[in-house]
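> Structure file run.txt (compact mmCIF, C-alpha atoms and all ligand atoms) right here:
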```txt
# COMPACT_ATOMS: atom_id res chain seq x y z
CA MET A 169 -33.49 62.35 -0.89
CA SER A 170 -32.84 58.94 -2.40
CA SER A 171 -35.45 56.23 -1.85
CA SER A 172 -33.04 53.39 -2.69
CA PRO A 173 -32.16 51.10 0.21
CA ARG A 174 -29.00 52.19 2.02
CA VAL A 175 -26.28 49.54 1.97
CA LEU A 176 -22.94 49.81 3.72
CA VAL A 177 -19.98 48.35 1.80
CA ALA A 178 -16.87 47.74 3.90
CA GLY A 179 -13.68 46.62 2.14
CA LEU A 180 -11.18 44.51 4.06
CA GLY A 181 -8.82 43.59 1.22
CA GLY A 182 -8.25 40.13 -0.30
CA THR A 183 -7.83 38.94 -3.87
CA ILE A 184 -10.85 41.00 -4.97
CA ALA A 185 -8.76 44.12 -4.20
CA MET A 186 -5.38 42.86 -5.40
CA THR A 187 -3.26 44.12 -8.25
CA GLY A 188 0.38 43.61 -9.22
CA ASP A 189 2.42 41.64 -11.70
CA ALA A 190 3.90 38.21 -12.25
CA VAL A 191 7.24 39.31 -10.80
CA GLY A 192 6.20 40.63 -7.40
CA GLY A 193 2.84 38.88 -7.07
CA VAL A 194 -0.47 40.56 -6.34
CA THR A 195 -1.18 42.45 -3.11
CA PRO A 196 -4.21 44.37 -1.84
CA THR A 197 -4.15 47.87 -3.32
CA LEU A 198 -7.67 48.76 -4.45
CA SER A 199 -9.98 50.71 -2.16
CA ALA A 200 -13.59 49.71 -1.57
CA ARG A 201 -14.55 52.73 -3.69
CA ASP A 202 -12.40 51.33 -6.56
CA LEU A 203 -14.19 47.98 -6.29
CA VAL A 204 -17.63 49.55 -6.37
CA GLY A 205 -16.62 51.76 -9.31
CA ALA A 206 -15.60 48.71 -11.35
CA VAL A 207 -19.01 47.01 -11.25
CA PRO A 208 -21.26 47.63 -14.22
CA GLY A 209 -24.88 47.82 -13.11
CA LEU A 210 -24.21 48.58 -9.47
CA ASP A 211 -25.28 52.20 -9.60
CA GLY A 212 -28.93 52.53 -8.83
CA SER A 213 -29.48 49.13 -7.18
CA ALA A 214 -28.81 50.68 -3.75
CA ASP A 215 -27.60 53.83 -2.10
CA LEU A 216 -24.07 52.75 -1.18
CA GLU A 217 -22.00 54.00 1.74
CA VAL A 218 -18.49 52.82 1.05
CA VAL A 219 -15.61 52.46 3.48
CA THR A 220 -12.17 50.89 3.14
CA PHE A 221 -12.00 49.37 6.61
CA ARG A 222 -8.77 47.38 6.14
CA ASN A 223 -6.68 46.43 3.12
CA GLN A 224 -5.15 43.10 4.09
CA PRO A 225 -4.94 39.54 2.85
CA GLY A 226 -7.55 37.30 4.50
CA ALA A 227 -4.87 35.56 6.54
CA ALA A 228 -3.89 38.82 8.26
CA LEU A 229 -7.33 39.60 9.70
CA THR A 230 -7.88 39.18 13.43
CA ILE A 231 -10.77 38.74 15.84
CA GLY A 232 -10.01 42.30 16.97
CA ASP A 233 -10.65 43.56 13.41
CA LEU A 234 -14.01 41.79 13.42
CA VAL A 235 -14.98 43.14 16.82
CA GLU A 236 -14.25 46.64 15.55
CA LEU A 237 -16.10 45.98 12.29
CA SER A 238 -19.12 44.68 14.23
CA GLY A 239 -19.24 48.01 16.05
CA LEU A 240 -19.17 49.90 12.73
CA LEU A 241 -21.97 47.71 11.34
CA ALA A 242 -24.09 48.13 14.48
CA ARG A 243 -23.80 51.91 14.19
CA GLY A 244 -24.75 51.77 10.50
CA PHE A 245 -27.81 49.59 11.17
CA ALA A 246 -28.91 51.87 14.01
CA ASP A 247 -28.70 54.73 11.51
CA GLY A 248 -31.02 53.08 8.98
CA VAL A 249 -28.70 51.04 6.75
CA VAL A 250 -30.75 48.03 5.54
CA GLY A 251 -27.87 45.65 4.92
CA ALA A 252 -24.09 45.43 4.67
CA VAL A 253 -21.55 43.97 2.26
CA ILE A 254 -18.08 42.95 3.37
CA THR A 255 -15.42 42.37 0.71
CA GLN A 256 -12.41 40.39 1.87
CA GLY A 257 -9.95 37.59 1.24
CA THR A 258 -11.66 34.30 0.58
CA ASP A 259 -9.06 32.39 2.63
CA THR A 260 -10.79 33.29 5.89
CA ILE A 261 -14.37 34.10 4.83
CA GLU A 262 -15.76 30.92 6.40
CA GLU A 263 -14.41 32.12 9.76
CA THR A 264 -14.95 35.90 9.59
CA ALA A 265 -18.54 35.48 8.41
CA TYR A 266 -19.27 33.18 11.34
CA VAL A 267 -17.91 35.71 13.84
CA LEU A 268 -19.79 38.61 12.24
CA GLY A 269 -23.00 36.55 12.35
CA LEU A 270 -22.56 35.58 16.01
CA LEU A 271 -22.13 39.24 16.96
CA HIS A 272 -25.07 40.54 14.92
CA PRO A 273 -28.43 40.65 16.73
CA GLY A 274 -30.49 42.38 14.03
CA ASP A 275 -32.46 41.38 10.93
CA GLU A 276 -30.28 43.34 8.50
CA PRO A 277 -28.38 40.92 6.22
CA ILE A 278 -24.59 41.01 6.20
CA ALA A 279 -23.29 39.58 2.90
CA VAL A 280 -19.60 38.66 2.84
CA THR A 281 -17.98 38.23 -0.54
CA GLY A 282 -14.61 38.15 -2.30
CA ALA A 283 -13.02 36.83 -5.45
CA MET A 284 -11.09 33.76 -6.46
CA ARG A 285 -9.54 35.47 -9.52
CA ASN A 286 -7.87 38.81 -8.97
CA PRO A 287 -8.77 41.84 -11.12
CA THR A 288 -5.71 41.38 -13.40
CA LEU A 289 -6.91 37.95 -14.59
CA ALA A 290 -9.25 37.04 -17.43
CA GLY A 291 -12.67 36.20 -16.02
CA ALA A 292 -12.13 37.97 -12.70
CA ASP A 293 -15.14 37.12 -10.54
CA GLY A 294 -14.96 40.03 -8.07
CA PRO A 295 -17.37 42.42 -9.84
CA ALA A 296 -20.11 39.79 -10.28
CA ASN A 297 -19.73 38.65 -6.66
CA LEU A 298 -19.86 42.21 -5.36
CA LEU A 299 -22.96 43.00 -7.40
CA ALA A 300 -24.65 39.82 -6.15
CA ALA A 301 -23.71 40.62 -2.54
CA VAL A 302 -25.18 44.13 -2.80
CA ARG A 303 -28.37 42.70 -4.26
CA VAL A 304 -28.62 40.27 -1.33
CA ALA A 305 -27.84 42.95 1.27
CA ALA A 306 -30.52 45.23 -0.19
CA SER A 307 -33.15 42.51 -0.57
CA PRO A 308 -36.12 42.23 1.83
CA GLU A 309 -35.98 38.49 1.11
CA ALA A 310 -32.62 38.27 2.90
CA ARG A 311 -33.83 39.96 6.08
CA GLY A 312 -33.42 37.77 9.11
CA LEU A 313 -30.77 35.52 7.53
CA GLY A 314 -27.96 36.96 9.65
CA CYS A 315 -24.55 36.80 8.05
CA VAL A 316 -24.32 35.05 4.69
CA VAL A 317 -21.56 34.37 2.19
CA VAL A 318 -22.34 35.25 -1.42
CA LEU A 319 -20.10 33.91 -4.19
CA ALA A 320 -20.75 32.37 -7.61
CA ASP A 321 -24.45 33.33 -7.35
CA GLU A 322 -24.93 31.17 -4.25
CA ILE A 323 -26.04 32.32 -0.81
CA HIS A 324 -24.52 30.34 2.08
CA ALA A 325 -25.22 30.53 5.82
CA ALA A 326 -22.17 31.70 7.78
CA GLY A 327 -22.62 28.76 10.15
CA ARG A 328 -22.42 26.17 7.37
CA VAL A 329 -20.15 27.55 4.68
CA ARG A 330 -16.73 26.11 3.91
CA LYS A 331 -14.02 26.97 1.42
CA THR A 332 -13.61 23.56 -0.17
CA HIS A 333 -11.41 24.29 -3.17
CA THR A 334 -8.14 26.21 -3.45
CA SER A 335 -8.84 27.99 -6.72
CA SER A 336 -12.23 27.23 -8.28
CA VAL A 337 -14.62 30.18 -8.62
CA ALA A 338 -17.16 27.84 -7.03
CA ALA A 339 -14.91 27.23 -4.02
CA PHE A 340 -17.62 27.77 -1.40
CA THR A 341 -19.99 25.01 -0.39
CA SER A 342 -22.22 24.18 2.56
CA PRO A 343 -21.56 20.47 3.11
CA VAL A 344 -24.11 20.25 5.93
CA GLY A 345 -27.47 21.52 4.69
CA GLY A 346 -26.53 23.09 1.36
CA PRO A 347 -26.83 26.74 0.30
CA LEU A 348 -29.67 28.88 1.59
CA GLY A 349 -30.44 30.15 -1.87
CA TYR A 350 -29.25 31.42 -5.20
CA LEU A 351 -29.25 34.49 -7.39
CA SER A 352 -30.99 34.18 -10.71
CA GLU A 353 -31.12 37.06 -13.20
CA GLY A 354 -29.66 39.19 -10.43
CA ARG A 355 -32.47 38.44 -7.98
CA PRO A 356 -31.87 36.61 -4.70
CA HIS A 357 -34.06 33.57 -4.05
CA VAL A 358 -33.95 32.19 -0.51
CA LEU A 359 -35.07 28.57 -0.38
CA ASN A 360 -34.41 27.73 3.25
CA ARG A 361 -33.67 29.72 6.40
CA PRO A 362 -31.00 28.84 8.95
CA HIS A 363 -31.51 28.70 12.67
CA ARG A 364 -29.90 31.81 14.15
CA PRO A 365 -28.59 31.54 17.67
CA ARG A 366 -29.16 34.51 19.95
CA ALA A 367 -26.37 37.00 19.25
CA LEU A 368 -23.38 37.05 21.58
CA PRO A 369 -22.25 40.28 23.22
CA ILE A 370 -19.51 42.12 21.35
CA PRO A 371 -16.38 41.30 23.38
CA PRO A 372 -14.20 44.06 24.74
CA VAL A 373 -11.38 45.23 22.49
CA GLY A 374 -8.08 43.81 23.74
CA PRO A 375 -6.31 40.49 24.02
CA SER A 376 -8.69 37.60 23.42
CA PRO A 377 -8.58 34.17 25.01
CA ARG A 378 -6.31 31.71 23.25
CA VAL A 379 -8.10 28.69 21.80
CA GLY A 380 -6.12 25.99 20.00
CA LEU A 381 -7.19 23.52 17.34
CA TYR A 382 -5.50 20.13 17.14
CA THR A 383 -6.26 17.50 14.51
CA ALA A 384 -6.14 13.75 15.08
CA THR A 385 -3.75 12.00 12.69
CA LEU A 386 -2.78 8.37 12.31
CA GLY A 387 -0.20 7.20 14.83
CA ASP A 388 0.10 10.48 16.77
CA ASP A 389 0.68 9.44 20.40
CA GLY A 390 -0.80 12.69 21.76
CA GLY A 391 2.39 13.59 23.63
CA LEU A 392 2.22 17.20 22.40
CA LEU A 393 -1.25 17.78 23.83
CA PRO A 394 -0.22 18.73 27.40
CA VAL A 395 2.50 21.03 26.04
CA LEU A 396 0.07 22.76 23.71
CA ALA A 397 -2.73 22.98 26.27
CA ALA A 398 -0.48 24.58 28.88
CA SER A 399 -0.71 27.90 27.04
CA LEU A 400 -4.40 27.70 26.09
CA ASP A 401 -7.71 28.86 27.53
CA GLY A 402 -9.69 26.42 25.39
CA LEU A 403 -9.00 23.56 22.96
CA VAL A 404 -10.83 22.11 19.97
CA ILE A 405 -10.07 18.56 18.86
CA ALA A 406 -10.77 17.68 15.22
CA GLY A 407 -11.15 13.94 15.68
CA PHE A 408 -11.36 11.11 13.19
CA GLY A 409 -14.78 10.24 11.79
CA VAL A 410 -17.63 10.96 14.21
CA GLY A 411 -15.18 12.23 16.86
CA HIS A 412 -12.49 9.67 17.72
CA VAL A 413 -8.86 9.85 18.85
CA PRO A 414 -6.16 7.28 19.62
CA ALA A 415 -6.55 5.66 23.06
CA SER A 416 -3.20 7.15 24.13
CA TRP A 417 -4.77 10.63 23.99
CA VAL A 418 -7.47 9.84 26.53
CA PRO A 419 -5.58 10.54 29.79
CA HIS A 420 -4.18 13.77 28.32
CA LEU A 421 -7.56 15.02 27.14
CA ALA A 422 -9.26 14.02 30.40
CA ALA A 423 -6.70 16.03 32.39
CA ILE A 424 -6.92 19.04 30.05
CA ALA A 425 -10.74 19.02 30.15
CA ARG A 426 -10.60 19.32 33.95
CA ARG A 427 -8.82 22.67 33.50
CA ILE A 428 -10.16 24.27 30.31
CA PRO A 429 -13.10 23.63 27.92
CA VAL A 430 -12.26 21.01 25.29
CA VAL A 431 -14.59 20.65 22.31
CA LEU A 432 -14.81 17.44 20.27
CA THR A 433 -15.45 17.81 16.52
CA SER A 434 -14.73 15.91 13.33
CA ARG A 435 -11.95 16.44 10.83
CA THR A 436 -14.02 14.96 8.00
CA GLY A 437 -15.53 18.23 6.78
CA ALA A 438 -19.22 17.35 7.02
CA GLY A 439 -21.75 15.70 9.29
CA PHE A 440 -22.46 15.42 13.00
CA THR A 441 -20.08 14.43 15.75
CA ALA A 442 -21.63 11.34 17.39
CA THR A 443 -22.55 11.19 21.05
CA SER A 444 -23.69 7.66 21.83
CA THR A 445 -22.49 5.06 19.34
CA TYR A 446 -18.94 3.80 19.92
CA GLY A 447 -17.79 2.31 23.23
CA TYR A 448 -13.98 1.94 23.06
CA PRO A 449 -11.32 4.15 24.69
CA GLY A 450 -10.89 7.31 22.62
CA ALA A 451 -14.33 7.01 21.03
CA GLU A 452 -16.89 9.80 21.34
CA ARG A 453 -18.80 8.22 24.26
CA ASP A 454 -15.61 7.88 26.26
CA LEU A 455 -14.41 11.43 25.52
CA LEU A 456 -17.75 13.08 26.27
CA ALA A 457 -17.98 11.12 29.53
CA ARG A 458 -14.59 12.57 30.45
CA GLY A 459 -15.84 16.13 30.11
CA LEU A 460 -15.31 17.03 26.45
CA ILE A 461 -18.06 19.11 24.84
CA SER A 462 -19.66 17.94 21.59
CA GLY A 463 -19.30 20.26 18.60
CA GLY A 464 -22.46 18.86 16.97
CA ALA A 465 -22.50 19.65 13.26
CA LEU A 466 -20.25 22.69 13.57
CA ASP A 467 -16.87 22.35 11.86
CA PRO A 468 -13.66 22.65 13.91
CA TYR A 469 -12.82 26.17 12.69
CA LYS A 470 -16.20 27.56 13.66
CA CYS A 471 -16.13 25.66 16.97
CA ARG A 472 -12.86 27.35 17.77
CA LEU A 473 -14.30 30.81 17.12
CA LEU A 474 -17.47 30.11 19.08
CA LEU A 475 -15.44 28.89 22.05
CA GLN A 476 -13.17 31.92 21.82
CA LEU A 477 -16.07 34.40 21.82
CA LEU A 478 -17.79 32.60 24.69
CA LEU A 479 -14.59 32.57 26.73
CA ALA A 480 -14.23 36.31 26.10
CA THR A 481 -17.59 37.13 27.64
CA ALA A 482 -18.90 34.23 29.79
CA THR A 483 -18.25 34.36 33.50
CA SER A 484 -17.78 30.67 34.35
CA ALA A 485 -16.79 27.36 32.79
CA GLY A 486 -20.37 26.14 33.33
CA GLU A 487 -21.72 29.10 31.41
CA VAL A 488 -19.33 28.42 28.51
CA ARG A 489 -20.40 24.76 28.34
CA GLU A 490 -24.09 25.59 28.55
CA ALA A 491 -23.93 28.35 25.93
CA PHE A 492 -21.79 26.25 23.57
CA THR A 493 -24.12 23.28 23.82
CA GLY A 494 -27.20 25.48 23.45
CA ILE A 495 -25.90 27.00 20.22
CA THR A 496 -24.70 23.79 18.59
CA ARG A 497 -27.86 21.85 19.61
CA ALA A 498 -30.11 24.56 18.18
CA VAL A 499 -28.19 24.31 14.89
CA ASP A 500 -28.74 20.55 14.93
CA ARG A 501 -32.49 20.94 15.21
CA LYS A 502 -32.76 22.97 12.03
N1 LIG A 601 -6.84 33.68 -1.92
C1 LIG A 601 -7.29 34.73 -1.14
C2 LIG A 601 -8.50 35.45 -1.70
O1 LIG A 601 -9.20 34.81 -2.42
C3 LIG A 601 -6.27 35.65 -0.61
C4 LIG A 601 -6.79 36.24 0.64
O2 LIG A 601 -7.55 35.58 1.34
O3 LIG A 601 -6.46 37.38 0.92
O4 LIG A 601 -8.79 36.58 -1.45
```
Can you give me the file's structure in the form of structure tokens?
Ligand code: ASP

Amino acid sequence: MSSSPRVLVAGLGGTIAMTGDAVGGVTPTLSARDLVGAVPGLDGSADLEVVTFRNQPGAALTIGDLVELSGLLARGFADGVVGAVITQGTDTIEETAYVLGLLHPGDEPIAVTGAMRNPTLAGADGPANLLAAVRVAASPEARGLGCVVVLADEIHAAGRVRKTHTSSVAAFTSPVGGPLGYLSEGRPHVLNRPHRPRALPIPPVGPSPRVGLYTATLGDDGGLLPVLAASLDGLVIAGFGVGHVPASWVPHLAAIARRIPVVLTSRTGAGFTATSTYGYPGAERDLLARGLISGGALDPYKCRLLLQLLLATATSAGEVREAFTGITRAVDRK
């Protein structure tokens, strides 16, 4: 029997698994087994259990895929797997990792990785990222971190990480709080630990609530808001600055917030949504007083996912508000 730590590697597709040519473009074709087989030095660092779970571009993944994947991971952890690696398209890693982390109650690390350069290009980064992710997933130092994103030898918390560049191999950053740690000479070093909210229940498979995201832009009169909200169960507003919208939006948002949860966040990409600074119509104080929920330091994309998962399992609007606020406040304190 092997004494190496057991690590589950689940492939979902993405650039890391794409091949093709200049004429037709690259598409996901490689299995998770192919990816593992292409990494020099991977053999021996862990006892790998490899599964091709999906083979899709990042943009094609759904919450349903992640709910199913969370079930697979939970079964693996219950069976003694010490950590998991997910390979997937980088386009949606900042969102999928957040969902996987919210649904994971255990101490086993889940390391999500991918590649910015596909395997047909010079300097493809997939093999190095996969090796680093396996090292993190197998490391006792990463226990308790929850779900992390490992690319370019950096370890990012799922709740903080953003894709902030279209093509750089260092596309992932954590604008609020910075990375949790780094790999050096192949060894993970964790320098700070994120607050982990209590895990949410895995929602039932099936149609999920519909949560929209709408961004404030200069001169938008907000006339589309009631139309959009009519088909939604929840809404996230990515406001200007610390959480501001044009005054003309206020009556619309006040009416919508009486019917469904509306979360107020910032479109800036980093920092906290304010709660008590500005006093004019459409400013954060006004909107929160009219029933909007503060997103704290969570970015609009993650707020949308959190609201969606809460709506899928909470039993009342009050419970959604309380749970949302509890999670984002706890993040603020860390
Ligand atoms: N650009 C993406 C990637 O890095 C494509 C995708 O998300 O599937 O994998």
> Per residue of chain A within 9 Å of ligand LIG 601 (chain A), what are the shortest atom pair and its distance in Å to one decimal, counting all atoms listed in the file, with rows by chain and residue number, as a Markdown table?

```
| residue | atom | partner | partner_atom | distance |
| --- | --- | --- | --- | --- |
| A:Gly181 | CA | A:LIG601 | O3 | 6.7 |
| A:Gly182 | CA | A:LIG601 | O3 | 3.5 |
| A:Thr183 | CA | A:LIG601 | O4 | 3.5 |
| A:Ile184 | CA | A:LIG601 | O4 | 6.0 |
| A:Ala185 | CA | A:LIG601 | O4 | 8.0 |
| A:Met186 | CA | A:LIG601 | O4 | 8.2 |
| A:Thr195 | CA | A:LIG601 | O3 | 8.4 |
| A:Pro196 | CA | A:LIG601 | O3 | 7.8 |
| A:Gln224 | CA | A:LIG601 | O3 | 6.7 |
| A:Pro225 | CA | A:LIG601 | O3 | 3.3 |
| A:Gly226 | CA | A:LIG601 | O2 | 3.6 |
| A:Ala227 | CA | A:LIG601 | O2 | 5.9 |
| A:Ala228 | CA | A:LIG601 | O3 | 7.9 |
| A:Gln256 | CA | A:LIG601 | O4 | 6.2 |
| A:Gly257 | CA | A:LIG601 | O4 | 3.1 |
| A:Thr258 | CA | A:LIG601 | O1 | 3.9 |
| A:Asp259 | CA | A:LIG601 | O2 | 3.8 |
| A:Thr260 | CA | A:LIG601 | O2 | 6.0 |
| A:Ile261 | CA | A:LIG601 | O2 | 7.8 |
| A:Gly282 | CA | A:LIG601 | O4 | 6.1 |
| A:Ala283 | CA | A:LIG601 | O1 | 5.3 |
| A:Met284 | CA | A:LIG601 | O1 | 4.6 |
| A:Arg285 | CA | A:LIG601 | O1 | 7.1 |
| A:Asn286 | CA | A:LIG601 | O1 | 7.8 |
| A:Thr334 | CA | A:LIG601 | N1 | 7.7 |
| A:Ser335 | CA | A:LIG601 | N1 | 7.7 |
```
> Smallest atom-to-atom distance to Ala422 in chain A: which of A:Leu393, A:Gly269, A:Pro173, A:Asp215, using only C-alpha atoms?
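Looking at the shortest contact to Ala422 in chain A, the residue is A:Leu393.
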> Just give me the gap between CA of Leu351 in chain A and CA of Glu322 in chain A in Å, one decimal is fine.
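Interatomic distance, CA of Leu351 in chain A to CA of Glu322 in chain A: 6.3 Å.
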> Need the shell around range 234-244 of chain A: protein/DNA/RNA residues with any atom at most 12 Å away, counting all atoms listed in the file. Skip same-chain ones fewer than 4 positions apart. Format as a ChimeraX atom specification?
/A:174-180,216-222,226,228-230,248-254,256,260-261,263-279,315,367-376,473,477,480
> Write a file of the just-selected residues containing C-alpha atoms, as a CSV table (one decimal), in the coordinates of the input.

```csv
chain,number,residue,atom,x,y,z
A,174,ARG,CA,-29.0,52.2,2.0
A,175,VAL,CA,-26.3,49.5,2.0
A,176,LEU,CA,-22.9,49.8,3.7
A,177,VAL,CA,-20.0,48.4,1.8
A,178,ALA,CA,-16.9,47.7,3.9
A,179,GLY,CA,-13.7,46.6,2.1
A,180,LEU,CA,-11.2,44.5,4.1
A,216,LEU,CA,-24.1,52.8,-1.2
A,217,GLU,CA,-22.0,54.0,1.7
A,218,VAL,CA,-18.5,52.8,1.0
A,219,VAL,CA,-15.6,52.5,3.5
A,220,THR,CA,-12.2,50.9,3.1
A,221,PHE,CA,-12.0,49.4,6.6
A,222,ARG,CA,-8.8,47.4,6.1
A,226,GLY,CA,-7.6,37.3,4.5
A,228,ALA,CA,-3.9,38.8,8.3
A,229,LEU,CA,-7.3,39.6,9.7
A,230,THR,CA,-7.9,39.2,13.4
A,248,GLY,CA,-31.0,53.1,9.0
A,249,VAL,CA,-28.7,51.0,6.8
A,250,VAL,CA,-30.8,48.0,5.5
A,251,GLY,CA,-27.9,45.6,4.9
A,252,ALA,CA,-24.1,45.4,4.7
A,253,VAL,CA,-21.6,44.0,2.3
A,254,ILE,CA,-18.1,43.0,3.4
A,256,GLN,CA,-12.4,40.4,1.9
A,260,THR,CA,-10.8,33.3,5.9
A,261,ILE,CA,-14.4,34.1,4.8
A,263,GLU,CA,-14.4,32.1,9.8
A,264,THR,CA,-15.0,35.9,9.6
A,265,ALA,CA,-18.5,35.5,8.4
A,266,TYR,CA,-19.3,33.2,11.3
A,267,VAL,CA,-17.9,35.7,13.8
A,268,LEU,CA,-19.8,38.6,12.2
A,269,GLY,CA,-23.0,36.6,12.4
A,270,LEU,CA,-22.6,35.6,16.0
A,271,LEU,CA,-22.1,39.2,17.0
A,272,HIS,CA,-25.1,40.5,14.9
A,273,PRO,CA,-28.4,40.6,16.7
A,274,GLY,CA,-30.5,42.4,14.0
A,275,ASP,CA,-32.5,41.4,10.9
A,276,GLU,CA,-30.3,43.3,8.5
A,277,PRO,CA,-28.4,40.9,6.2
A,278,ILE,CA,-24.6,41.0,6.2
A,279,ALA,CA,-23.3,39.6,2.9
A,315,CYS,CA,-24.6,36.8,8.0
A,367,ALA,CA,-26.4,37.0,19.2
A,368,LEU,CA,-23.4,37.0,21.6
A,369,PRO,CA,-22.2,40.3,23.2
A,370,ILE,CA,-19.5,42.1,21.4
A,371,PRO,CA,-16.4,41.3,23.4
A,372,PRO,CA,-14.2,44.1,24.7
A,373,VAL,CA,-11.4,45.2,22.5
A,374,GLY,CA,-8.1,43.8,23.7
A,375,PRO,CA,-6.3,40.5,24.0
A,376,SER,CA,-8.7,37.6,23.4
A,473,LEU,CA,-14.3,30.8,17.1
A,477,LEU,CA,-16.1,34.4,21.8
A,480,ALA,CA,-14.2,36.3,26.1
```
> Find the distance between CA of His412 in chain A and CA of Arg427 in chain A and write it in Å to one decimal.
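Atom-to-atom, CA of His412 in chain A to CA of Arg427 in chain A, that is 20.8 Å.
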> Per residue of range 257-356 of chain A within 9 Å of range 437-453 of chain A, note the shortest atom pair and the distance in Å to one decimal, counting all atoms listed in the file, and order the rows by chain and increasing residue number, as JSON lines.

```
{"residue": "A:Arg330", "atom": "CA", "partner": "A:Gly437", "partner_atom": "CA", "distance": 8.5}
{"residue": "A:Thr332", "atom": "CA", "partner": "A:Gly437", "partner_atom": "CA", "distance": 9.0}
{"residue": "A:Ser342", "atom": "CA", "partner": "A:Ala438", "partner_atom": "CA", "distance": 8.7}
{"residue": "A:Pro343", "atom": "CA", "partner": "A:Ala438", "partner_atom": "CA", "distance": 5.5}
{"residue": "A:Val344", "atom": "CA", "partner": "A:Ala438", "partner_atom": "CA", "distance": 5.8}
```
> What lies within 9 Å of Val488 in chain A using all atoms listed in the file, ignoring chain neighbours under 5 positions off, as a ChimeraX atom specification?
/A:429,475,478-479,481-483,493
> Using the file's own x, y and z axes, so that the box edges lie along x, y and z, what centre and edge lengths in Å (one decimal) does a box around every listed atom of range 306-321 of chain A get when 6 Å is added on each side? Give it as lines of an AutoDock Vina configuration file.

```
center_x = -28.1
center_y = 38.8
center_z = 1.0
size_x = 28.0
size_y = 24.9
size_z = 29.3
```
> Check the smallest atom-to-atom distance from each of A:Ala246, A:Ile405, A:Ala296, A:Ala200 to Ala425 in chain A using only C-alpha atoms, then report the winner.
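Between A:Ala246, A:Ile405, A:Ala296, A:Ala200, the residue approaching Ala425 in chain A most closely is A:Ile405.
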> Nearest residue to Asp388 in chain A out of A:Ile428, A:Gly407, A:Arg458, A:Ala339, using only C-alpha atoms?
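Result for the nearest residue to Asp388 in chain A: A:Gly407.
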> Interatomic distance between CA of Leu298 in chain A and CA of Asp247 in chain A?
22.8 Å
> Just checking: using all atoms listed in the file, which residue out of A:Asn297, A:Asn360, A:Thr433, A:Ser336 ends up closest to Leu203 in chain A?
A:Asn297
> For Thr496 in chain A, please output as a VMD selection string all residues within 12 Å (counting only C-alpha atoms; exclusion window: fewer than 3 positions along the same chain).
chain A and resid 327 to 328 363 to 366 431 to 433 440 to 441 461 to 467 470 to 471 474 to 475 489 to 493 499 to 502
> Starting from the point (-24.5, 40.8, -2.3), work out which residues of protein, DNA or RNA have an atom no more than 8 Å away when counting only C-alpha atoms; state them as a PDB file with C-alpha atoms, in the coordinates of the input.

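selection_14.pdb was written with the following content:
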```pdb
ATOM      1  CA  VAL A 253     -21.550  43.970   2.260  1.00  0.00           C
ATOM      2  CA  ALA A 279     -23.290  39.580   2.900  1.00  0.00           C
ATOM      3  CA  VAL A 280     -19.600  38.660   2.840  1.00  0.00           C
ATOM      4  CA  THR A 281     -17.980  38.230  -0.540  1.00  0.00           C
ATOM      5  CA  ASN A 297     -19.730  38.650  -6.660  1.00  0.00           C
ATOM      6  CA  LEU A 298     -19.860  42.210  -5.360  1.00  0.00           C
ATOM      7  CA  LEU A 299     -22.960  43.000  -7.400  1.00  0.00           C
ATOM      8  CA  ALA A 300     -24.650  39.820  -6.150  1.00  0.00           C
ATOM      9  CA  ALA A 301     -23.710  40.620  -2.540  1.00  0.00           C
ATOM     10  CA  VAL A 302     -25.180  44.130  -2.800  1.00  0.00           C
ATOM     11  CA  ARG A 303     -28.370  42.700  -4.260  1.00  0.00           C
ATOM     12  CA  VAL A 304     -28.620  40.270  -1.330  1.00  0.00           C
ATOM     13  CA  ALA A 305     -27.840  42.950   1.270  1.00  0.00           C
ATOM     14  CA  ALA A 306     -30.520  45.230  -0.190  1.00  0.00           C
ATOM     15  CA  VAL A 318     -22.340  35.250  -1.420  1.00  0.00           C
TER      16      VAL A 318
END
```
> Using only C-alpha atoms for the distances, tell me which of A:Gly459, A:Gly205, A:Gly390, A:Pro287 is nearest to Asp189 in chain A.
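Among A:Gly459, A:Gly205, A:Gly390, A:Pro287, it is A:Pro287 that comes nearest to Asp189 in chain A.
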